[in-house]
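Just below is one structure, and these are the notes that go with it.
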Amino acid sequence: MRYSISHQTVYQYHNAVSIAHHVIRQTPRELPYQQRLDYRLSAEPVPALVDSHEDYFGNLVNFVMIEGPHQQLIVDSKSSVEVTPRVVPDPDAPPPWETIQELCRGDVYNASGEACEFVFPSPLIPQRQEFADYAKSSFSEGRPVLVAGMELMRRIHADFTFDPQATTAATPLEQVFRQRRGVCQDFAQLQIACLRALGLPARYVSGYLETVPPPGQARLVGADASHAWLQLWCGEAGWIDLDPTNDLLPAERHITLAWGRDFADGSPLRGVLVGSGSHQLKVAVDVVPL
């Protein structure tokens, strides 16, 4: 499946901003099941500097510097990708979860070392006993790691309510767990926290999801949004994607932008400003199948 993607971010500042530095992770990754056909980035005001580099996790990052007073910033990303079906193993094929746990002990560093960097707490995903307690019922003795991970995904989908008004990017994960409400970012980070609490490697993934309008209704321009899910490391089977928000294994409708320890490593756009006070943010995303 081929997609054309448009991602526009608009900041309206209450007072003029004199300098703005922004880091943008909106370039689709090159993967065995995903080919980036095109990517273009523009901003208004025109940036004084645009620079690109790969970060520690292999994500393509664009750095934009805006100089001069401005009360509005518009960042436009346009890309096209081709996504093919992923090779997903039989859930019973990966090893028992205890085997993965043993491979990723803190005092062991072997061929799985790179994956096992994702066992440890990160700035937005702390290690808490309550997360381990919640996960344990899915991880019975000797159970294949992917089977257990998929059951945990289904439980989070059933136990938590999608509510865009319940959280912000700054809401602590412990609060999400207590109130049982949140958005895709929260649910992905919660499942990662549960997996890491059991000593299993899991990483955060940001991207897009093609949305399908209800039968008989027209597709709304700009109504799509950024999406988030996670990957669980399953030994020789590699990293397997899990989407607790939708209770499914991502396939051709999921488009991968970036991954890392948590949302902070994969945020589509973040920055530092000089000036202003309050601001308004508007984001419009279109994921259009070609």
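Residues are named by chain letter and number: chains run A, B, ... in the order of the structure tokens, numbers start at 1 in each chain, and ligands are numbered from 1 in the order shown.
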
Considering only C-alpha atoms, give me a table of residues in segment 8-105 of chain A that are at most 8 Å from segment 121-144 of chain A, with the closest atom pair and distance in Å for each, as CSV.
```
residue,atom,partner,partner_atom,distance
A:Pro91,CA,A:Pro144,CA,7.2
A:Asp92,CA,A:Pro144,CA,5.7
A:Ala93,CA,A:Pro144,CA,7.2
A:Pro94,CA,A:Pro144,CA,5.9
A:Pro95,CA,A:Pro144,CA,5.3
A:Pro96,CA,A:Pro144,CA,4.0
A:Trp97,CA,A:Pro144,CA,5.7
A:Glu98,CA,A:Gly142,CA,6.9
```

Serialized selection, C-alpha atoms, as a PDB file, in the first residue's frame:
```
ATOM      1  CA  PRO A  91       2.861 -16.325  18.507  1.00  0.00           C
ATOM      2  CA  ASP A  92       3.802 -19.690  19.994  1.00  0.00           C
ATOM      3  CA  ALA A  93       7.149 -19.763  18.178  1.00  0.00           C
ATOM      4  CA  PRO A  94       9.157 -17.201  20.214  1.00  0.00           C
ATOM      5  CA  PRO A  95      10.733 -18.528  23.421  1.00  0.00           C
ATOM      6  CA  PRO A  96       9.223 -18.407  26.915  1.00  0.00           C
ATOM      7  CA  TRP A  97       9.297 -14.954  28.422  1.00  0.00           C
ATOM      8  CA  GLU A  98      11.691 -16.125  31.147  1.00  0.00           C
TER       9      GLU A  98
END
```

### Message
Residues of segment 35-257 of chain A classed as strand (DSSP E or B) by DSSP on the backbone are to be reported as number ranges by chain.
### Response
A: 35-44, 49-54, 60-83, 96, 122, 125, 144, 161-162, 181-182, 202-209, 223-224, 226-233, 239-243, 248, 254-257

With C-alpha atoms retained, export the selected residues as a PDB file, in the first residue's frame.
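The result, stored in result08.pdb:
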```
ATOM      1  CA  GLN A  35      10.090   2.258   1.827  1.00  0.00           C
ATOM      2  CA  ARG A  36      10.336   6.054   1.972  1.00  0.00           C
ATOM      3  CA  LEU A  37       9.605   7.383  -1.505  1.00  0.00           C
ATOM      4  CA  ASP A  38       9.783  11.108  -0.796  1.00  0.00           C
ATOM      5  CA  TYR A  39      10.075  13.596   2.068  1.00  0.00           C
ATOM      6  CA  ARG A  40       9.911  17.410   2.030  1.00  0.00           C
ATOM      7  CA  LEU A  41      10.014  19.855   4.931  1.00  0.00           C
ATOM      8  CA  SER A  42       9.158  23.559   4.878  1.00  0.00           C
ATOM      9  CA  ALA A  43       8.564  26.230   7.505  1.00  0.00           C
ATOM     10  CA  GLU A  44       7.239  29.766   7.672  1.00  0.00           C
ATOM     11  CA  LEU A  49      19.247  27.021   9.382  1.00  0.00           C
ATOM     12  CA  VAL A  50      18.004  23.519   8.528  1.00  0.00           C
ATOM     13  CA  ASP A  51      20.208  20.563   9.409  1.00  0.00           C
ATOM     14  CA  SER A  52      19.621  16.800   9.334  1.00  0.00           C
ATOM     15  CA  HIS A  53      21.236  13.952  11.237  1.00  0.00           C
ATOM     16  CA  GLU A  54      20.526  10.481  12.608  1.00  0.00           C
ATOM     17  CA  LEU A  60      16.266  10.845  10.898  1.00  0.00           C
ATOM     18  CA  VAL A  61      16.059  14.200  12.698  1.00  0.00           C
ATOM     19  CA  ASN A  62      15.640  17.668  11.191  1.00  0.00           C
ATOM     20  CA  PHE A  63      16.851  20.640  13.216  1.00  0.00           C
ATOM     21  CA  VAL A  64      15.278  24.004  12.339  1.00  0.00           C
ATOM     22  CA  MET A  65      16.385  27.419  13.647  1.00  0.00           C
ATOM     23  CA  ILE A  66      14.085  30.432  13.219  1.00  0.00           C
ATOM     24  CA  GLU A  67      15.567  33.896  13.819  1.00  0.00           C
ATOM     25  CA  GLY A  68      13.717  37.195  13.992  1.00  0.00           C
ATOM     26  CA  PRO A  69      10.436  38.202  15.685  1.00  0.00           C
ATOM     27  CA  HIS A  70       7.432  36.095  14.716  1.00  0.00           C
ATOM     28  CA  GLN A  71       4.015  35.400  16.243  1.00  0.00           C
ATOM     29  CA  GLN A  72       3.213  32.352  14.141  1.00  0.00           C
ATOM     30  CA  LEU A  73       5.203  29.306  13.087  1.00  0.00           C
ATOM     31  CA  ILE A  74       3.990  26.855  10.446  1.00  0.00           C
ATOM     32  CA  VAL A  75       5.862  23.588   9.881  1.00  0.00           C
ATOM     33  CA  ASP A  76       4.797  21.456   6.911  1.00  0.00           C
ATOM     34  CA  SER A  77       6.021  17.904   6.350  1.00  0.00           C
ATOM     35  CA  LYS A  78       5.018  15.997   3.236  1.00  0.00           C
ATOM     36  CA  SER A  79       6.051  12.433   2.539  1.00  0.00           C
ATOM     37  CA  SER A  80       5.122   9.371   0.572  1.00  0.00           C
ATOM     38  CA  VAL A  81       5.777   5.784   1.575  1.00  0.00           C
ATOM     39  CA  GLU A  82       5.104   2.243   0.474  1.00  0.00           C
ATOM     40  CA  VAL A  83       4.189  -0.237   3.216  1.00  0.00           C
ATOM     41  CA  PRO A  96       9.223 -18.407  26.915  1.00  0.00           C
ATOM     42  CA  SER A 122      13.565   6.043  31.079  1.00  0.00           C
ATOM     43  CA  ILE A 125       8.609   5.465  32.048  1.00  0.00           C
ATOM     44  CA  PRO A 144       5.744 -17.748  24.979  1.00  0.00           C
ATOM     45  CA  THR A 161     -10.680   4.149  28.099  1.00  0.00           C
ATOM     46  CA  PHE A 162      -9.489   6.321  25.220  1.00  0.00           C
ATOM     47  CA  ARG A 181      -7.934   6.799  30.887  1.00  0.00           C
ATOM     48  CA  GLY A 182      -5.634   8.331  28.305  1.00  0.00           C
ATOM     49  CA  ALA A 202      10.235  -2.829  24.927  1.00  0.00           C
ATOM     50  CA  ARG A 203      10.532   0.427  22.992  1.00  0.00           C
ATOM     51  CA  TYR A 204       8.223   3.298  22.063  1.00  0.00           C
ATOM     52  CA  VAL A 205       7.211   3.846  18.413  1.00  0.00           C
ATOM     53  CA  SER A 206       5.747   7.019  16.914  1.00  0.00           C
ATOM     54  CA  GLY A 207       4.103   7.178  13.532  1.00  0.00           C
ATOM     55  CA  TYR A 208       0.830   7.490  11.685  1.00  0.00           C
ATOM     56  CA  LEU A 209      -2.270   5.336  11.308  1.00  0.00           C
ATOM     57  CA  ALA A 223      -8.731  14.521  10.708  1.00  0.00           C
ATOM     58  CA  ASP A 224      -5.941  11.968  11.016  1.00  0.00           C
ATOM     59  CA  SER A 226      -0.014  11.082  14.957  1.00  0.00           C
ATOM     60  CA  HIS A 227      -0.147   7.651  16.550  1.00  0.00           C
ATOM     61  CA  ALA A 228       1.956   5.672  19.012  1.00  0.00           C
ATOM     62  CA  TRP A 229       2.463   2.003  19.754  1.00  0.00           C
ATOM     63  CA  LEU A 230       5.328  -0.202  20.979  1.00  0.00           C
ATOM     64  CA  GLN A 231       7.681  -3.009  20.030  1.00  0.00           C
ATOM     65  CA  LEU A 232       8.465  -6.063  22.145  1.00  0.00           C
ATOM     66  CA  TRP A 233      11.755  -7.879  21.581  1.00  0.00           C
ATOM     67  CA  TRP A 239      11.054  -6.734  17.404  1.00  0.00           C
ATOM     68  CA  ILE A 240       7.287  -7.296  17.119  1.00  0.00           C
ATOM     69  CA  ASP A 241       4.901  -4.312  16.991  1.00  0.00           C
ATOM     70  CA  LEU A 242       1.907  -4.176  19.364  1.00  0.00           C
ATOM     71  CA  ASP A 243      -0.841  -1.528  19.362  1.00  0.00           C
ATOM     72  CA  LEU A 248      -3.910  -5.363  17.098  1.00  0.00           C
ATOM     73  CA  HIS A 254       0.701   1.777  10.404  1.00  0.00           C
ATOM     74  CA  ILE A 255       3.526   4.046   9.170  1.00  0.00           C
ATOM     75  CA  THR A 256       6.653   4.189  11.337  1.00  0.00           C
ATOM     76  CA  LEU A 257       8.472   7.477  11.945  1.00  0.00           C
TER      77      LEU A 257
END
```

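Of note, atom CA of Ile24 of chain A and atom CA of Leu269 of chain A are spaced 4.5 Å apart.
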
### Query
Which of these, A:Gln191, A:Gln185, A:Thr27, A:Thr211, has the shortest distance to Arg253 of chain A once you count only C-alpha atoms?
A:Thr211

### Task
Would you please extract all helix (DSSP H, G or I) residues from segment 13-208 of chain A, as assigned by DSSP on the backbone, and give them as a ChimeraX atom specification?
/A:97-103,113-119,129-136,145-159,173-179,184-197

### Message
What does the structure give for the distance between atom CA of Ala264 of chain A and atom CA of Met150 of chain A, in Å to one decimal?
### Response
24.7 Å

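Picture a line from atom CA of Leu290 of chain A to atom CA of Glu210 of chain A; it runs 11.7 Å.
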
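The residue that comes closest to His7 of chain A, out of A:Thr99, A:Asn59, A:Ser267, A:Gln26 and on the basis of only C-alpha atoms, is A:Gln26.
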
### Message
Which residues are near Asp186 of chain A? Cut-off 8 Å, only C-alpha atoms, ignore same chain within fewer than 3 positions. Put them as a PyMOL selection string.
### Response
chain A and resi 173+176+182-183+189-190

### Query
Out of A:Gly271, A:Gly149, A:Gly235, A:Pro172, which residue has the shortest atom-to-atom distance to Cys194 of chain A when counting only C-alpha atoms?
A:Gly149
